[in-house]
Amino acid sequence: MPVYSFRLNGRSATVDSWDADQPVLYVLRGALGLHGPKFGCGLGQCGACTVLVDGQAVRSCTLPVSRAAGRAITTLEGLGTPEKPHRVQAAFIAEQAAQCGYCTNGMIIASVGLLARTPKPTLDQVRQGLAGNLCRCGTHTRILRAVMRAAQA
Ligand code: FES
Ligand code: FES
């Protein structure tokens, strides 16, 4: 069976798959047991499955496992720990920026990618940066506050 190797949250990871087009999301949640990335639409439209690939926010539901080979993937689990959360995670907690939490993975990962590109964004830049991440609970105001808080941290 073909084998694909990549960096995952700072460590080496190897998975085998008959299907070179198998979405990275399935590999992460299934074979590798990482449940931070969520399955929302499966079509690249909601952002719930977002991970960082070489530091860029990418939708893992539409990324074939063969295209992840040799790259560095970071999931929510790789950002921080409950004892030492990433500053974006800490800001989401401080602003209570979640209701059901389904979008939260994508919002946090997209925000980390955004702040890496634009460390001191305006509110408008944050709005634009997260425009493709959907929240069906209407938590947007708190999410925006959390990202602005993280940018000050
Ligand atoms: S589950 Fe990937 S974008 Fe919706
Ligand atoms: S908090 Fe429920 S989808 Fe965003």
# chains A, B, ... in the order shown; residues from 1 in each chain; ligands from 1

call {"tool": "closest_atom_pairs", "arguments": {"of": "chain A", "to": "ligand 2", "cutoff": "12 Å", "atoms": "only C-alpha atoms and all ligand atoms", "output": "tab-separated table"}}
result
residue	atom	partner	partner_atom_place_in_ligand_line	distance
A:Lys38	CA	ligand 2	3 (S)	10.9
A:Phe39	CA	ligand 2	3 (S)	11.9
A:Gly40	CA	ligand 2	3 (S)	9.6
A:Cys46	CA	ligand 2	3 (S)	9.7
A:Gly47	CA	ligand 2	3 (S)	10.4
A:Ala48	CA	ligand 2	3 (S)	8.6
A:Phe92	CA	ligand 2	1 (S)	11.1
A:Gln96	CA	ligand 2	1 (S)	9.9
A:Ala97	CA	ligand 2	1 (S)	7.3
A:Ala98	CA	ligand 2	1 (S)	4.3
A:Gln99	CA	ligand 2	1 (S)	4.0
A:Cys100	CA	ligand 2	2 (Fe)	3.9
A:Gly101	CA	ligand 2	1 (S)	4.2
A:Tyr102	CA	ligand 2	3 (S)	4.8
A:Cys103	CA	ligand 2	4 (Fe)	4.3
A:Thr104	CA	ligand 2	4 (Fe)	6.0
A:Asn105	CA	ligand 2	4 (Fe)	9.3
A:Gly106	CA	ligand 2	4 (Fe)	9.3
A:Met107	CA	ligand 2	4 (Fe)	8.4
A:Ile108	CA	ligand 2	4 (Fe)	11.0
A:Asn133	CA	ligand 2	4 (Fe)	9.0
A:Leu134	CA	ligand 2	3 (S)	6.9
A:Cys135	CA	ligand 2	4 (Fe)	3.7
A:Arg136	CA	ligand 2	3 (S)	4.3
A:Cys137	CA	ligand 2	2 (Fe)	4.3
A:Gly138	CA	ligand 2	4 (Fe)	6.5
A:Thr139	CA	ligand 2	1 (S)	5.7
A:His140	CA	ligand 2	4 (Fe)	7.8
A:Thr141	CA	ligand 2	4 (Fe)	10.9
A:Arg142	CA	ligand 2	1 (S)	9.9
A:Ile143	CA	ligand 2	4 (Fe)	8.9

call {"tool": "write_last_selection", "arguments": {"atoms": "C-alpha atoms", "output": "compact mmCIF listing (two decimals), in the first residue's frame"}}
result
# COMPACT_ATOMS: atom_id res chain seq x y z
CA LYS A 38 -13.93 18.90 12.20
CA PHE A 39 -15.92 17.54 9.29
CA GLY A 40 -18.43 20.25 8.36
CA CYS A 46 -17.13 26.06 5.79
CA GLY A 47 -13.59 26.01 7.23
CA ALA A 48 -14.31 23.61 10.12
CA PHE A 92 -10.87 32.53 22.61
CA GLN A 96 -15.81 32.90 25.57
CA ALA A 97 -15.79 32.85 21.76
CA ALA A 98 -17.68 29.60 21.21
CA GLN A 99 -21.21 28.29 21.52
CA CYS A 100 -21.48 24.79 20.03
CA GLY A 101 -17.75 24.92 19.21
CA TYR A 102 -18.03 23.26 15.82
CA CYS A 103 -16.41 26.14 13.95
CA THR A 104 -13.87 26.86 16.67
CA ASN A 105 -11.07 24.72 15.28
CA GLY A 106 -11.22 26.48 11.93
CA MET A 107 -11.59 29.92 13.48
CA ILE A 108 -8.55 29.43 15.70
CA ASN A 133 -15.06 30.42 8.03
CA LEU A 134 -18.72 29.89 8.84
CA CYS A 135 -20.26 29.98 12.31
CA ARG A 136 -23.85 28.86 12.42
CA CYS A 137 -24.24 29.94 16.06
CA GLY A 138 -23.60 33.62 15.38
CA THR A 139 -20.53 33.91 17.61
CA HIS A 140 -18.79 36.24 15.18
CA THR A 141 -18.63 39.27 17.47
CA ARG A 142 -16.86 37.35 20.21
CA ILE A 143 -14.56 35.64 17.71

call {"tool": "select_by_dssp", "arguments": {"residues": "chain A", "states": "helix (DSSP H, G or I)", "output": "ChimeraX atom specification"}}
result
/A:24-31,60-62,65-68,76-78,87-94,104-117,123-129,140-152

call {"tool": "select_by_dssp", "arguments": {"residues": "stretch 8-139 of chain A", "states": "strand (DSSP E or B)", "output": "list in words"}}
result
Leu8, Arg11, Ser12, Ala13, Thr14, Val15, Asp16, Pro23, Thr50, Val51, Leu52, Val53, Gln56, Ala57, Val58, Arg59, Pro64, Ala72, Ile73 and Thr74 of chain A

call {"tool": "atom_distance", "arguments": {"atom1": "atom CA of A:Ser12", "atom2": "atom CA of A:Arg71"}}
result
10.2 Å

call {"tool": "residues_around", "arguments": {"residues": "A:Thr62", "least_positions_apart": "5", "cutoff": "8 Å", "atoms": "only C-alpha atoms", "output": "number ranges by chain"}}
result
A: 23-24, 42-44

call {"tool": "closest_residue", "arguments": {"among": "A:Met1, A:Ala151, A:Ala20, A:Cys49", "to": "A:Thr74", "atoms": "only C-alpha atoms"}}
result
A:Cys49

call {"tool": "closest_residue", "arguments": {"among": "A:Leu32, A:Val58, A:Arg67, A:Ala150", "to": "A:Pro85", "atoms": "only C-alpha atoms"}}
result
A:Ala150

call {"tool": "residues_around", "arguments": {"residues": "A:Trp18", "least_positions_apart": "6", "cutoff": "12 Å", "atoms": "only C-alpha atoms", "output": "list in words"}}
result
Met1, Pro2, Val3, Tyr4, Val27, Pro64, Val65 and Ser66 of chain A

call {"tool": "atom_distance", "arguments": {"atom1": "atom CA of A:Ser60", "atom2": "atom CA of A:Ala146"}}
result
23.7 Å

call {"tool": "closest_residue", "arguments": {"among": "A:Ala72, A:Ala110, A:Leu115, A:Ala13", "to": "ligand 1", "atoms": "only C-alpha atoms and all ligand atoms"}}
result
A:Ala110

call {"tool": "closest_residue", "arguments": {"among": "A:Ser17, A:Ser111, A:Gln45, A:Gln22", "to": "ligand 1", "atoms": "only C-alpha atoms and all ligand atoms"}}
result
A:Gln45

call {"tool": "closest_residue", "arguments": {"among": "A:Asp124, A:Lys84, A:Thr75, A:Ser5", "to": "A:Gly33", "atoms": "only C-alpha atoms"}}
result
A:Thr75

call {"tool": "residues_around", "arguments": {"residues": "A:Thr122", "least_positions_apart": "6", "cutoff": "12 Å", "atoms": "only C-alpha atoms", "output": "JSON, numbers by chain"}}
result
{"A": [114, 115, 128, 129, 144, 145, 147, 148, 149, 151, 152]}

call {"tool": "closest_residue", "arguments": {"among": "A:Ala94, A:Val88, A:Leu63, A:Ile109", "to": "ligand 1", "atoms": "only C-alpha atoms and all ligand atoms"}}
result
A:Leu63

call {"tool": "decode", "arguments": {"residues": "stretch 74-90 of chain A", "atoms": "N, CA and C atoms", "output": "mmCIF file, in the first residue's frame"}}
result
data_model
loop_
_atom_site.group_PDB
_atom_site.id
_atom_site.type_symbol
_atom_site.label_atom_id
_atom_site.label_comp_id
_atom_site.auth_asym_id
_atom_site.auth_seq_id
_atom_site.Cartn_x
_atom_site.Cartn_y
_atom_site.Cartn_z
ATOM 1 N N THR A 74 0.085 21.352 11.026
ATOM 2 C CA THR A 74 -0.197 21.645 12.435
ATOM 3 C C THR A 74 -1.699 21.643 12.626
ATOM 4 N N THR A 75 -2.163 20.883 13.606
ATOM 5 C CA THR A 75 -3.582 20.869 13.938
ATOM 6 C C THR A 75 -3.780 21.623 15.257
ATOM 7 N N LEU A 76 -5.027 21.736 15.644
ATOM 8 C CA LEU A 76 -5.352 22.402 16.911
ATOM 9 C C LEU A 76 -4.561 21.790 18.071
ATOM 10 N N GLU A 77 -4.384 20.472 18.018
ATOM 11 C CA GLU A 77 -3.676 19.769 19.095
ATOM 12 C C GLU A 77 -2.209 20.187 19.186
ATOM 13 N N GLY A 78 -1.677 20.706 18.065
ATOM 14 C CA GLY A 78 -0.261 21.061 18.037
ATOM 15 C C GLY A 78 -0.003 22.510 18.407
ATOM 16 N N LEU A 79 -1.047 23.278 18.663
ATOM 17 C CA LEU A 79 -0.847 24.707 18.946
ATOM 18 C C LEU A 79 -0.450 24.949 20.395
ATOM 19 N N GLY A 80 -1.167 24.339 21.310
ATOM 20 C CA GLY A 80 -0.898 24.576 22.722
ATOM 21 C C GLY A 80 -1.467 23.437 23.537
ATOM 22 N N THR A 81 -1.363 23.562 24.846
ATOM 23 C CA THR A 81 -1.895 22.524 25.734
ATOM 24 C C THR A 81 -2.901 23.198 26.673
ATOM 25 N N PRO A 82 -3.714 22.414 27.362
ATOM 26 C CA PRO A 82 -4.631 23.036 28.342
ATOM 27 C C PRO A 82 -3.859 23.872 29.367
ATOM 28 N N GLU A 83 -2.660 23.407 29.739
ATOM 29 C CA GLU A 83 -1.873 24.159 30.728
ATOM 30 C C GLU A 83 -1.220 25.378 30.105
ATOM 31 N N LYS A 84 -0.839 25.254 28.830
ATOM 32 C CA LYS A 84 -0.134 26.356 28.174
ATOM 33 C C LYS A 84 -0.737 26.576 26.788
ATOM 34 N N PRO A 85 -1.927 27.193 26.737
ATOM 35 C CA PRO A 85 -2.567 27.387 25.430
ATOM 36 C C PRO A 85 -1.823 28.409 24.578
ATOM 37 N N HIS A 86 -1.946 28.261 23.274
ATOM 38 C CA HIS A 86 -1.473 29.273 22.327
ATOM 39 C C HIS A 86 -2.215 30.580 22.618
ATOM 40 N N ARG A 87 -1.610 31.705 22.290
ATOM 41 C CA ARG A 87 -2.251 32.998 22.636
ATOM 42 C C ARG A 87 -3.617 33.142 21.976
ATOM 43 N N VAL A 88 -3.812 32.547 20.800
ATOM 44 C CA VAL A 88 -5.136 32.625 20.167
ATOM 45 C C VAL A 88 -6.133 31.751 20.927
ATOM 46 N N GLN A 89 -5.701 30.584 21.342
ATOM 47 C CA GLN A 89 -6.586 29.731 22.145
ATOM 48 C C GLN A 89 -6.945 30.439 23.452
ATOM 49 N N ALA A 90 -5.948 31.049 24.105
ATOM 50 C CA ALA A 90 -6.191 31.750 25.371
ATOM 51 C C ALA A 90 -7.177 32.891 25.171
#
